[in-house]
file coords_26.cif (mmCIF, C-alpha atoms)
data_start
#
loop_
_atom_site.label_atom_id
_atom_site.label_comp_id
_atom_site.auth_asym_id
_atom_site.auth_seq_id
_atom_site.Cartn_x
_atom_site.Cartn_y
_atom_site.Cartn_z
CA MET P 390 53.51 202.90 -60.53
CA LEU P 391 53.28 199.12 -60.54
CA LEU P 392 53.72 199.03 -56.75
CA THR P 393 51.24 201.85 -56.21
CA PHE P 394 48.50 199.97 -58.06
CA ARG P 395 49.55 196.45 -57.08
CA GLY P 396 46.10 195.83 -55.59
CA GLN P 397 44.30 196.73 -58.79
CA MET P 398 46.38 195.08 -61.54
CA GLN P 399 43.72 192.53 -62.42
CA ALA P 400 42.93 193.39 -66.02
CA SER P 401 39.41 193.29 -67.34
CA GLY P 402 38.45 192.04 -70.74
CA ALA P 403 37.61 195.61 -71.79
CA GLN P 404 41.12 196.79 -70.98
CA TRP P 405 42.66 193.95 -72.99
CA ARG P 406 40.54 194.87 -75.99
CA GLN P 407 41.17 198.60 -75.73
CA ALA P 408 44.95 198.23 -75.42
CA ALA P 409 45.23 195.48 -78.05
CA PRO P 410 46.40 197.65 -81.00
CA MET P 411 49.21 199.28 -79.04
CA MET P 412 50.30 196.05 -77.39
CA SER P 413 50.29 194.34 -80.78
CA ALA P 414 52.58 197.02 -82.20
CA LEU P 415 54.99 196.57 -79.29
CA ALA P 416 54.88 192.78 -79.72
CA LEU P 417 55.81 193.13 -83.40
CA LEU P 418 58.74 195.38 -82.49
CA VAL P 419 59.91 192.84 -79.92
CA GLY P 420 59.71 190.10 -82.55
CA ALA P 421 61.72 192.21 -85.02
CA ALA P 422 64.35 192.89 -82.37
CA LEU P 423 64.64 189.18 -81.53
CA TRP P 424 64.97 188.27 -85.20
CA SER P 425 67.70 190.86 -85.80
CA TRP P 426 69.55 189.62 -82.71
CA TRP P 427 69.16 185.93 -83.59
CA ALA P 428 70.42 186.55 -87.14
CA GLY P 429 73.58 188.07 -85.69
CA ALA P 430 73.11 191.49 -87.23
CA TRP P 431 72.41 193.27 -83.94
CA PRO P 432 75.00 193.03 -81.11
CA SER P 433 73.75 191.43 -77.91
CA SER P 434 74.32 194.51 -75.77
CA LEU P 435 72.23 196.73 -78.04
CA ALA P 436 69.56 194.08 -78.59
CA LEU P 437 69.11 193.43 -74.87
CA SER P 438 68.95 197.17 -74.19
CA GLY P 439 66.28 197.62 -76.86
CA LEU P 440 64.26 194.65 -75.61
CA ALA P 441 64.40 195.90 -72.04
CA LEU P 442 63.19 199.33 -73.14
CA LEU P 443 60.31 197.84 -75.13
CA GLY P 444 59.35 195.67 -72.16
CA GLY P 445 59.44 198.67 -69.84
CA THR P 446 57.28 200.60 -72.30
CA ALA P 447 54.65 197.87 -72.30
CA ALA P 448 54.70 197.68 -68.47
CA VAL P 449 54.31 201.46 -68.05
CA LEU P 450 51.53 201.59 -70.63
CA TRP P 451 49.70 198.74 -68.90
CA ALA P 452 50.12 200.30 -65.44
CA ALA P 453 48.64 203.57 -66.73
CA GLY P 454 45.67 201.67 -68.13
CA CYS P 455 45.14 199.96 -64.79
CA ALA P 456 45.25 203.33 -63.06
CA ARG P 457 42.65 204.66 -65.48
CA ARG P 458 40.38 201.66 -64.92
CA ALA P 459 40.65 201.88 -61.13
CA GLN P 460 37.47 203.12 -59.53
CA ASP P 461 38.81 206.21 -57.78
CA GLN P 462 42.55 206.30 -58.55
CA GLY P 463 42.61 207.55 -62.15
CA GLN P 464 42.37 211.26 -61.31
CA ALA P 465 44.98 211.00 -58.56
CA ALA P 466 47.35 209.07 -60.82
CA PHE P 467 47.19 211.63 -63.63
CA HIS P 468 47.47 214.48 -61.14
CA ALA P 469 50.70 212.95 -59.83
CA PHE P 470 52.01 212.37 -63.36
CA ALA P 471 51.16 215.90 -64.54
CA SER P 472 52.56 217.48 -61.37
CA ALA P 473 55.87 215.70 -61.88
CA VAL P 474 56.06 216.78 -65.54
CA VAL P 475 55.31 220.39 -64.58
CA CYS P 476 57.90 220.40 -61.78
CA GLY P 477 60.49 219.06 -64.20
CA GLY P 478 59.47 221.74 -66.72
CA VAL P 479 59.74 224.59 -64.22
CA LEU P 480 63.18 223.44 -63.08
CA SER P 481 64.32 223.01 -66.69
CA ALA P 482 63.10 226.52 -67.54
CA LEU P 483 65.09 227.95 -64.62
CA ILE P 484 68.17 226.09 -65.84
CA ALA P 485 67.58 227.50 -69.33
CA VAL P 486 67.50 231.05 -67.95
CA VAL P 487 70.81 230.51 -66.16
CA GLN P 488 72.44 228.94 -69.24
CA VAL P 489 71.60 231.96 -71.43
CA PHE P 490 71.73 234.95 -69.07
CA ALA P 491 74.35 233.84 -66.53
CA PRO P 492 76.50 231.09 -68.09
CA THR P 493 79.46 231.98 -65.86
CA TRP P 494 77.52 230.71 -62.85
CA LEU P 495 77.90 227.19 -64.22
CA GLU P 496 81.66 227.10 -63.86
CA GLY P 497 83.16 224.93 -61.17
CA GLY P 498 81.42 222.34 -59.02
CA ILE P 499 77.87 223.37 -59.90
CA SER P 500 78.40 221.94 -63.41
CA GLN P 501 77.95 218.51 -61.82
CA TRP P 502 74.31 219.43 -61.25
CA ILE P 503 73.53 221.88 -64.07
CA ALA P 504 75.08 221.25 -67.48
CA PRO P 505 76.51 224.29 -69.27
CA SER P 506 75.16 224.88 -72.75
CA GLY P 507 77.41 223.84 -75.61
CA ILE P 508 75.59 226.22 -78.01
CA VAL P 509 76.18 229.93 -77.44
CA GLY P 510 72.95 231.83 -76.87
CA ARG P 511 70.72 228.74 -76.75
CA ALA P 512 69.41 226.78 -73.78
CA VAL P 513 69.75 223.01 -73.68
CA GLY P 514 68.79 222.28 -70.07
CA ASN P 515 70.20 219.10 -68.57
CA LEU P 516 69.01 217.19 -71.66
CA ARG P 517 71.88 218.79 -73.66
CA GLN P 518 69.73 219.25 -76.78
CA PRO P 519 67.60 222.34 -77.46
CA ASN P 520 64.87 220.35 -79.23
CA HIS P 521 64.60 217.89 -76.36
CA LEU P 522 64.35 220.68 -73.80
CA SER P 523 61.73 222.41 -75.95
CA SER P 524 59.57 219.29 -76.17
CA TRP P 525 59.76 218.69 -72.42
CA LEU P 526 58.76 222.30 -71.73
CA MET P 527 55.85 221.93 -74.15
CA TRP P 528 54.82 218.74 -72.36
CA ALA P 529 54.88 220.66 -69.09
CA LEU P 530 52.70 223.42 -70.56
CA ILE P 531 50.18 220.82 -71.72
CA ALA P 532 50.20 219.01 -68.36
CA LEU P 533 49.66 222.36 -66.65
CA VAL P 534 46.21 222.75 -68.27
CA PRO P 535 44.25 220.17 -66.20
CA LEU P 536 46.15 221.23 -63.09
CA ALA P 537 45.22 224.86 -63.69
CA GLU P 538 41.56 223.94 -64.11
CA GLN P 539 41.63 222.26 -60.71
CA ARG P 540 43.98 224.90 -59.21
CA ARG P 541 46.05 222.12 -57.66
CA LEU P 542 49.69 221.05 -57.98
CA LEU P 543 51.20 218.10 -56.09
CA GLY P 544 47.99 217.96 -54.09
CA TRP P 545 48.19 221.59 -52.92
CA THR P 546 45.79 224.36 -53.88
CA LEU P 547 47.51 227.31 -55.60
CA PRO P 548 46.20 230.66 -56.84
CA GLY P 549 45.68 231.21 -60.53
CA ARG P 550 48.59 233.69 -60.65
CA ALA P 551 50.99 230.88 -59.78
CA PHE P 552 49.93 228.86 -62.81
CA VAL P 553 50.21 231.94 -65.06
CA ALA P 554 53.75 232.57 -63.77
CA MET P 555 54.79 228.96 -64.36
CA ALA P 556 53.36 229.02 -67.87
CA ALA P 557 55.12 232.30 -68.75
CA LEU P 558 58.44 230.97 -67.42
CA MET P 559 58.17 227.83 -69.52
CA VAL P 560 57.22 229.77 -72.67
CA LEU P 561 60.36 231.86 -72.07
CA GLY P 562 62.32 228.63 -71.82
CA VAL P 563 60.94 227.48 -75.17
CA VAL P 564 62.06 230.78 -76.75
CA LEU P 565 65.53 230.38 -75.24
CA THR P 566 65.91 227.00 -76.94
CA ALA P 567 65.29 228.62 -80.37
CA SER P 568 63.81 225.29 -81.43
CA ARG P 569 61.57 225.08 -84.48
CA THR P 570 59.85 222.13 -82.83
CA GLY P 571 58.95 224.52 -80.02
CA VAL P 572 57.26 226.83 -82.52
CA LEU P 573 55.12 223.93 -83.71
CA GLY P 574 54.27 223.12 -80.11
CA ILE P 575 53.18 226.69 -79.38
CA VAL P 576 50.93 226.60 -82.45
CA LEU P 577 49.53 223.27 -81.24
CA LEU P 578 48.49 224.92 -77.95
CA ALA P 579 46.49 227.52 -79.85
CA LEU P 580 44.86 224.83 -82.00
CA TRP P 581 43.92 222.94 -78.84
CA ALA P 582 42.13 226.06 -77.60
CA VAL P 583 40.23 226.25 -80.90
CA VAL P 584 39.17 222.59 -80.99
CA ASP P 585 38.49 221.87 -77.31
CA LYS P 586 35.61 224.13 -76.32
CA ARG P 587 35.08 222.28 -73.04
CA LEU P 588 38.17 223.87 -71.49
CA GLN P 589 37.52 226.55 -68.92
CA ARG P 590 37.45 230.03 -70.43
CA PRO P 591 40.55 231.40 -68.58
CA VAL P 592 42.54 228.33 -69.64
CA ARG P 593 41.45 228.70 -73.26
CA TRP P 594 42.47 232.35 -73.24
CA ALA P 595 45.84 231.39 -71.81
CA LEU P 596 46.37 228.85 -74.60
CA TRP P 597 45.39 231.49 -77.15
CA ALA P 598 47.90 233.89 -75.61
CA ALA P 599 50.81 231.45 -75.81
CA PRO P 600 51.83 232.36 -79.41
CA VAL P 601 51.55 236.08 -78.59
CA LEU P 602 53.70 235.64 -75.50
CA TYR P 603 56.24 233.69 -77.57
CA VAL P 604 56.54 236.56 -80.08
CA VAL P 605 56.86 239.13 -77.26
CA PHE P 606 59.64 237.18 -75.57
CA TRP P 607 61.43 236.74 -78.91
CA PHE P 608 61.28 240.51 -79.57
CA LEU P 609 62.52 241.37 -76.06
CA LEU P 610 65.41 238.90 -76.31
CA SER P 611 66.42 240.36 -79.66
CA LEU P 612 66.52 243.84 -78.11
CA TRP P 613 68.51 242.49 -75.15
CA ALA P 614 71.05 240.84 -77.43
CA GLN P 615 71.52 244.00 -79.49
CA SER P 616 71.83 246.33 -76.52
CA THR P 617 74.20 244.13 -74.48
CA GLN P 618 76.26 242.62 -77.34
CA HIS P 619 75.17 239.12 -76.33
CA THR P 620 74.18 236.31 -78.66
CA PHE P 621 70.56 235.27 -78.97
CA GLY P 622 70.43 231.79 -80.47
CA GLY P 623 67.12 232.46 -82.19
CA GLU P 624 68.60 235.12 -84.46
CA ALA P 625 71.60 232.92 -85.25
CA ARG P 626 69.21 230.08 -86.03
CA LEU P 627 67.31 232.16 -88.57
CA ALA P 628 70.57 233.15 -90.26
CA GLU P 629 71.53 229.54 -91.00
CA ALA P 630 71.76 228.67 -94.68
CA ASP P 631 70.29 225.17 -94.31
CA LEU P 632 67.20 225.43 -92.13
CA SER P 633 66.48 221.72 -92.57
CA ALA P 634 69.86 220.74 -91.01
CA SER P 635 70.42 218.16 -93.82
CA ARG P 636 67.10 216.44 -93.10
CA PHE P 637 65.91 216.54 -96.70
CA GLY P 638 69.12 214.82 -97.78
CA ILE P 639 68.86 212.05 -95.19
CA TRP P 640 65.16 211.52 -95.95
CA SER P 641 66.01 211.13 -99.64
CA ASN P 642 68.73 208.59 -98.80
CA THR P 643 66.37 206.69 -96.52
CA TRP P 644 63.65 206.45 -99.15
CA ALA P 645 66.21 205.12 -101.63
CA MET P 646 67.15 202.41 -99.08
CA VAL P 647 63.47 201.52 -98.68
CA LEU P 648 63.20 201.01 -102.43
CA GLN P 649 66.34 198.85 -102.45
CA GLN P 650 65.03 196.47 -99.74
CA PRO P 651 61.26 196.99 -99.61
CA TRP P 652 60.20 193.63 -98.15
CA THR P 653 62.69 192.78 -95.42
CA GLY P 654 64.24 196.16 -94.65
CA VAL P 655 67.81 196.58 -93.46
CA GLY P 656 67.03 195.02 -90.06
CA MET P 657 66.12 196.54 -86.73
CA GLY P 658 68.98 198.58 -85.33
CA GLN P 659 70.93 198.39 -88.61
CA TYR P 660 70.11 201.78 -90.11
CA ASN P 661 73.46 203.44 -89.50
CA PHE P 662 75.43 200.43 -90.75
CA ALA P 663 73.36 200.18 -93.94
CA TRP P 664 73.37 203.92 -94.62
CA THR P 665 77.12 204.22 -94.07
CA LEU P 666 77.95 201.43 -96.57
CA THR P 667 75.42 202.46 -99.24
CA PRO P 668 76.77 204.89 -101.88
CA PHE P 669 74.61 207.96 -102.41
CA PRO P 670 75.17 210.93 -104.70
CA GLY P 671 75.17 214.10 -102.67
CA ARG P 672 75.39 212.32 -99.30
CA PRO P 673 74.96 214.69 -96.32
CA THR P 674 78.25 215.40 -94.58
CA ALA P 675 76.68 215.16 -91.11
CA PHE P 676 76.73 211.85 -89.22
CA PHE P 677 73.33 210.16 -88.95
CA ASP P 678 72.38 207.07 -86.97
CA HIS P 679 68.66 207.64 -87.52
CA SER P 680 66.48 208.85 -90.37
CA HIS P 681 64.98 211.63 -88.20
CA ASN P 682 61.48 210.51 -89.18
CA LEU P 683 59.56 207.78 -87.35
CA PRO P 684 57.52 206.43 -90.32
CA LEU P 685 60.62 206.29 -92.55
CA GLN P 686 62.59 204.60 -89.77
CA LEU P 687 60.01 201.85 -89.40
CA LEU P 688 59.80 201.28 -93.15
CA VAL P 689 63.55 201.19 -93.77
CA GLU P 690 64.37 198.88 -90.85
CA LEU P 691 61.34 196.55 -90.85
CA GLY P 692 60.34 196.65 -94.50
CA VAL P 693 57.20 197.99 -96.10
CA VAL P 694 54.90 195.18 -94.91
CA LEU P 695 55.93 194.85 -91.26
CA GLY P 696 56.84 198.52 -90.87
CA GLY P 697 53.56 199.59 -92.45
CA LEU P 698 51.66 197.24 -90.14
CA VAL P 699 53.36 198.65 -87.03
CA LEU P 700 52.80 202.20 -88.23
CA GLY P 701 49.13 201.45 -88.94
CA LEU P 702 48.65 199.99 -85.46
CA LEU P 703 50.24 203.06 -83.88
CA VAL P 704 48.01 205.44 -85.84
CA TRP P 705 44.93 203.33 -85.07
CA SER P 706 45.81 203.27 -81.38
CA LEU P 707 46.33 207.04 -81.34
CA GLY P 708 42.96 207.57 -83.02
CA LEU P 709 41.24 205.31 -80.48
CA ALA P 710 42.92 207.16 -77.61
CA ALA P 711 41.73 210.52 -78.95
CA GLN P 712 38.20 209.22 -79.51
CA ARG P 713 37.89 207.76 -76.01
CA ALA P 714 39.48 210.78 -74.33
CA TRP P 715 37.05 213.17 -76.01
CA ARG P 716 34.07 211.09 -74.88
CA VAL P 717 34.88 211.40 -71.19
CA THR P 718 32.92 213.96 -69.20
CA GLY P 719 33.26 215.27 -65.68
CA GLU P 720 36.17 216.55 -63.64
CA SER P 721 38.72 214.21 -65.22
CA ALA P 722 37.72 214.96 -68.82
CA SER P 723 40.58 217.40 -69.48
CA GLN P 724 43.13 214.88 -68.19
CA GLY P 725 42.61 212.41 -71.01
CA ARG P 726 42.55 215.18 -73.62
CA ALA P 727 45.80 216.60 -72.25
CA ALA P 728 47.38 213.14 -72.55
CA VAL P 729 46.33 212.99 -76.22
CA VAL P 730 47.79 216.45 -76.92
CA MET P 731 51.05 215.33 -75.32
CA LEU P 732 51.11 212.38 -77.73
CA LEU P 733 50.39 214.65 -80.69
CA LEU P 734 53.27 216.90 -79.70
CA ILE P 735 55.80 214.09 -79.40
CA GLY P 736 54.43 212.67 -82.65
CA LEU P 737 55.18 215.95 -84.43
CA HIS P 738 58.67 215.91 -82.93
CA SER P 739 59.11 212.32 -84.15
CA LEU P 740 58.55 213.48 -87.73
CA LEU P 741 61.68 215.62 -87.48
CA GLU P 742 63.86 213.74 -84.98
CA TYR P 743 63.79 210.61 -82.85
CA PRO P 744 62.81 211.60 -79.27
CA LEU P 745 61.14 208.24 -78.59
CA TRP P 746 64.55 206.57 -78.79
CA TYR P 747 65.24 208.20 -75.38
CA ALA P 748 63.72 206.66 -72.27
CA TYR P 749 62.90 210.03 -70.70
CA PHE P 750 60.48 210.65 -73.57
CA LEU P 751 59.40 207.09 -74.38
CA LEU P 752 58.25 206.05 -70.89
CA PRO P 753 56.18 209.20 -70.11
CA ALA P 754 54.68 208.95 -73.60
CA ALA P 755 53.76 205.33 -72.91
CA TRP P 756 52.11 206.36 -69.64
CA ALA P 757 50.08 209.10 -71.33
CA TRP P 758 49.14 206.70 -74.14
CA GLY P 759 48.00 203.99 -71.75
CA PHE P 760 45.97 206.49 -69.73
CA ALA P 761 44.19 207.93 -72.78
CA LEU P 762 43.71 204.58 -74.51
CA VAL P 763 41.66 202.95 -71.75
CA SER P 764 38.18 204.18 -70.91
CA PRO P 765 37.49 205.05 -67.27
CA PRO P 766 35.03 202.88 -65.34
CA GLN P 767 31.35 203.68 -65.72
CA THR P 768 30.22 202.21 -62.41
CA PRO P 769 30.08 204.50 -59.37
CA PRO P 770 33.11 204.16 -57.07
CA GLN P 771 32.83 202.23 -53.85
CA ARG P 772 32.80 204.45 -50.81
CA ARG P 773 35.84 204.30 -48.60
CA ARG P 774 36.46 205.63 -45.17
CA PRO P 775 37.73 209.24 -45.40
CA ALA P 776 41.09 208.42 -43.78
CA GLN P 777 41.70 205.49 -46.14
CA ARG P 778 40.77 207.59 -49.18
CA ARG P 779 43.14 210.39 -48.14
CA PHE P 780 45.99 207.95 -47.52
CA HIS P 781 45.61 206.25 -50.92
CA GLY P 782 45.58 209.61 -52.71
CA TRP P 783 48.63 210.77 -50.73
CA LEU P 784 50.51 207.53 -51.51
CA THR P 785 49.74 207.70 -55.24
CA ASN P 786 50.70 211.37 -55.45
CA ARG P 787 53.99 211.10 -53.60
CA CYS P 788 55.24 207.81 -55.10
CA SER P 789 54.60 208.89 -58.70
CA SER P 790 55.73 212.50 -58.28
CA GLY P 791 58.82 211.52 -56.34
CA ALA P 792 59.89 209.00 -58.97
CA LEU P 793 59.50 211.44 -61.86
CA CYS P 794 60.84 214.51 -60.04
CA TRP P 795 63.97 212.79 -58.73
CA PRO P 796 66.06 213.51 -61.87
CA ALA P 797 65.01 217.15 -61.65
CA ALA P 798 65.94 217.26 -57.97
CA ARG P 799 69.45 216.17 -58.90
CA CYS P 800 69.78 219.40 -60.91
CA SER P 801 69.82 221.33 -57.62
CA PRO P 802 72.84 221.90 -55.36
CA PRO P 803 73.55 219.23 -52.71
CA TRP P 804 72.38 221.36 -49.81
CA THR P 805 68.83 221.38 -51.19
CA THR P 806 68.40 217.61 -51.00
CA GLY P 807 66.60 217.79 -47.68
CA VAL P 808 64.33 220.56 -48.94
CA TRP P 809 63.46 218.52 -52.02
CA TRP P 810 62.69 215.46 -49.95
CA ARG P 811 60.33 217.41 -47.68
CA PHE P 812 58.75 218.99 -50.79
CA ILE P 813 58.15 215.67 -52.55
CA CYS P 814 57.13 213.59 -49.56
CA PRO P 815 55.75 215.68 -46.67
CA ALA P 816 53.99 214.04 -43.79
CA PRO P 817 50.25 213.55 -44.34
CA THR P 818 48.17 216.21 -42.66
CA ARG P 819 45.90 215.16 -39.81
CA ARG P 820 42.30 216.21 -40.28
CA PRO P 821 39.36 215.80 -37.95
#
call {"tool": "encode", "arguments": {"input": "coords_26.cif", "output": "structure tokens"}}
result
Amino acid sequence: MLLTFRGQMQASGAQWRQAAPMMSALALLVGAALWSWWAGAWPSSLALSGLALLGGTAAVLWAAGCARRAQDQGQAAFHAFASAVVCGGVLSALIAVVQVFAPTWLEGGISQWIAPSGIVGRAVGNLRQPNHLSSWLMWALIALVPLAEQRRLLGWTLPGRAFVAMAALMVLGVVLTASRTGVLGIVLLALWAVVDKRLQRPVRWALWAAPVLYVVFWFLLSLWAQSTQHTFGGEARLAEADLSASRFGIWSNTWAMVLQQPWTGVGMGQYNFAWTLTPFPGRPTAFFDHSHNLPLQLLVELGVVLGGLVLGLLVWSLGLAAQRAWRVTGESASQGRAAVVMLLLIGLHSLLEYPLWYAYFLLPAAWAWGFALVSPPQTPPQRRRPAQRRFHGWLTNRCSSGALCWPAARCSPPWTTGVWWRFICPAPTRRP
């Protein structure tokens, strides 16, 4: 992304002001990481890894803001980003179907490309966690909305039936994960249809139908499991005695640690060490290296003052992004709103787990945040020659989509490498 927009990286004063809350939060996290490393509490390898990830997050967020501020590149940039997320979601949904309905196919050499599920009757994709796969599929469903309104994917025009088929496949994938986070995501889609009345009517109806389709797929899978003597992970999930998976216990322990060290916290990256050595009555038997709640994690590691400040900046930045995205009108209006909904989804997931501690969630979230946080330019775009305009759109689309789709391409057998390369980066079409 930085190379694609290398000619337009000059930041304006407006962009600096609009991105200031988010950049300030990242700067405070960098300072906390440096302090924990300098004090000797955080090993160098972990500290350097965390600092590199925070720096990459800031760079991706800034590049997305530059793309948004560019005169005629913002729509193409988001189209490339959303197309890559959707392609990854479709491939992940196909992998989920194979993991549940044909797990024997994954024996042998193909397991190098498609990971077998370690949970009987539940899909994990190549992310190896049902909740992570569910959140990525939900991201793909959200990214599909602006693409469906434009009837375009990876720069190609597709019929509406193709988008309906992709959406149904990904909803099936969410059901196969049997993730409670996925249920929240499906409900969020319906709420989006209620709140955002500027969406096209067919798209709003499709969002309304998502919960119904989820229930239908769940019912059909239950019948399939009963008639074929297979295991459906959703039914096994409902039969669990502890639906919270020890989360209430770990949240109680974390709050007790906050009260013990309210001002300085236990130190960035020191949660597991402090929790392991602190005696608690009724300690959960499961192993935890995170509190499974983003606000609690910030408070326990950074202290109430610094953690509360970072949390406040994040909430303020999210509110600004939503406000600016909802003000935009025109063809690109749904793009900014879709980016905000993606952030809301990963925010809900962060209240129950820690997806933003993984780069494959953190960096796309940073891109969506940077895109929604910065207002698009108000001046009319400068006219370019048609050939130059087509080449810049082709370059943006293929560079961004190729970079994000490459991990998904690796999920395919080796003989499809050439097909993937021609799919991601075809030769530009000559037009009169």
call {"tool": "closest_residue", "arguments": {"input": "coords_26.cif", "among": "P:Ala532, P:Ile484, P:Ala595, P:Leu666", "to": "Gly514 in chain P", "atoms": "only C-alpha atoms"}}
result
P:Ile484
call {"tool": "atom_distance", "arguments": {"input": "coords_26.cif", "atom1": "CA of Thr643 in chain P", "atom2": "CA of Met657 in chain P"}}
result
14.1 Å
call {"tool": "resolve_selection", "arguments": {"input": "coords_26.cif", "expression": "the PyMOL selection byres ((chain P and resi 603) around 8)", "output": "list in words"}}
result
Val560, Leu561, Val564, Ile575, Ala599, Pro600, Val601, Leu602, Val604, Val605, Phe606 and Trp607 of chain P
call {"tool": "residues_near_point", "arguments": {"input": "coords_26.cif", "point": "(63.7, 211.4, -85.1)", "cutoff": "7 Å", "atoms": "only C-alpha atoms", "output": "number ranges by chain"}}
result
P: 679-683, 739-744
call {"tool": "closest_residue", "arguments": {"input": "coords_26.cif", "among": "P:Val534, P:Ala448, P:Ala453, P:Val563", "to": "Asp585 in chain P", "atoms": "all atoms listed in the file"}}
result
P:Val534
call {"tool": "residues_around", "arguments": {"input": "coords_26.cif", "residues": "Ala416 in chain P", "least_positions_apart": "4", "cutoff": "12 Å", "atoms": "only C-alpha atoms", "output": "ChimeraX atom specification"}}
result
/P:409-412,420-423,440,443-444,446-447,695,698-699,702
call {"tool": "residues_around", "arguments": {"input": "coords_26.cif", "residues": "Leu734 in chain P", "least_positions_apart": "6", "cutoff": "12 Å", "atoms": "all atoms listed in the file", "output": "ChimeraX atom specification"}}
result
/P:521,523-532,570-578,580-581,727-728,740-741,744-745,750,754,757
call {"tool": "resolve_selection", "arguments": {"input": "coords_26.cif", "expression": "the PyMOL selection byres ((chain P and resi 472) around 8)", "output": "ChimeraX atom specification"}}
result
/P:468-471,473-476,532-533,536,542-543,790
call {"tool": "atom_distance", "arguments": {"input": "coords_26.cif", "atom1": "CA of Gly654 in chain P", "atom2": "CA of Leu415 in chain P"}}
result
17.9 Å
call {"tool": "atom_distance", "arguments": {"input": "coords_26.cif", "atom1": "CA of Arg726 in chain P", "atom2": "CA of Ala761 in chain P"}}
result
7.5 Å
call {"tool": "closest_residue", "arguments": {"input": "coords_26.cif", "among": "P:Gly701, P:Leu691, P:Ala459, P:Trp594", "to": "Pro651 in chain P", "atoms": "only C-alpha atoms"}}
result
P:Leu691
call {"tool": "resolve_selection", "arguments": {"input": "coords_26.cif", "expression": "the PyMOL selection byres ((chain P and resi 438) around 12)", "output": "ChimeraX atom specification"}}
result
/P:419,422-423,426,431-437,439-445,658,746-748
call {"tool": "residues_around", "arguments": {"input": "coords_26.cif", "residues": "range 621-628 of chain P", "least_positions_apart": "5", "cutoff": "6 Å", "atoms": "all atoms listed in the file", "output": "list of chain:residue names"}}
result
P:Gly510, P:Arg511, P:Ala567, P:Ala614
call {"tool": "residues_around", "arguments": {"input": "coords_26.cif", "residues": "Arg593 in chain P", "least_positions_apart": "5", "cutoff": "9 Å", "atoms": "all atoms listed in the file", "output": "tab-separated table (two decimals) with C-alpha atoms, in the coordinates of the input"}}
result
chain	number	residue	atom	x	y	z
P	579	ALA	CA	46.49	227.52	-79.85
P	581	TRP	CA	43.92	222.94	-78.84
P	582	ALA	CA	42.13	226.06	-77.60
P	583	VAL	CA	40.23	226.25	-80.90
P	585	ASP	CA	38.49	221.87	-77.31
P	586	LYS	CA	35.61	224.13	-76.32
P	588	LEU	CA	38.17	223.87	-71.49
P	598	ALA	CA	47.90	233.89	-75.61
call {"tool": "closest_residue", "arguments": {"input": "coords_26.cif", "among": "P:Ser413, P:Thr566, P:Gln659, P:Gln649", "to": "Leu703 in chain P", "atoms": "all atoms listed in the file"}}
result
P:Ser413
call {"tool": "closest_residue", "arguments": {"input": "coords_26.cif", "among": "P:Thr546, P:Ser721, P:Gln712, P:Ser764", "to": "Arg587 in chain P", "atoms": "only C-alpha atoms"}}
result
P:Ser721
call {"tool": "closest_residue", "arguments": {"input": "coords_26.cif", "among": "P:Glu720, P:Ala663, P:Ala554, P:Gln464", "to": "Glu538 in chain P", "atoms": "all atoms listed in the file"}}
result
P:Glu720
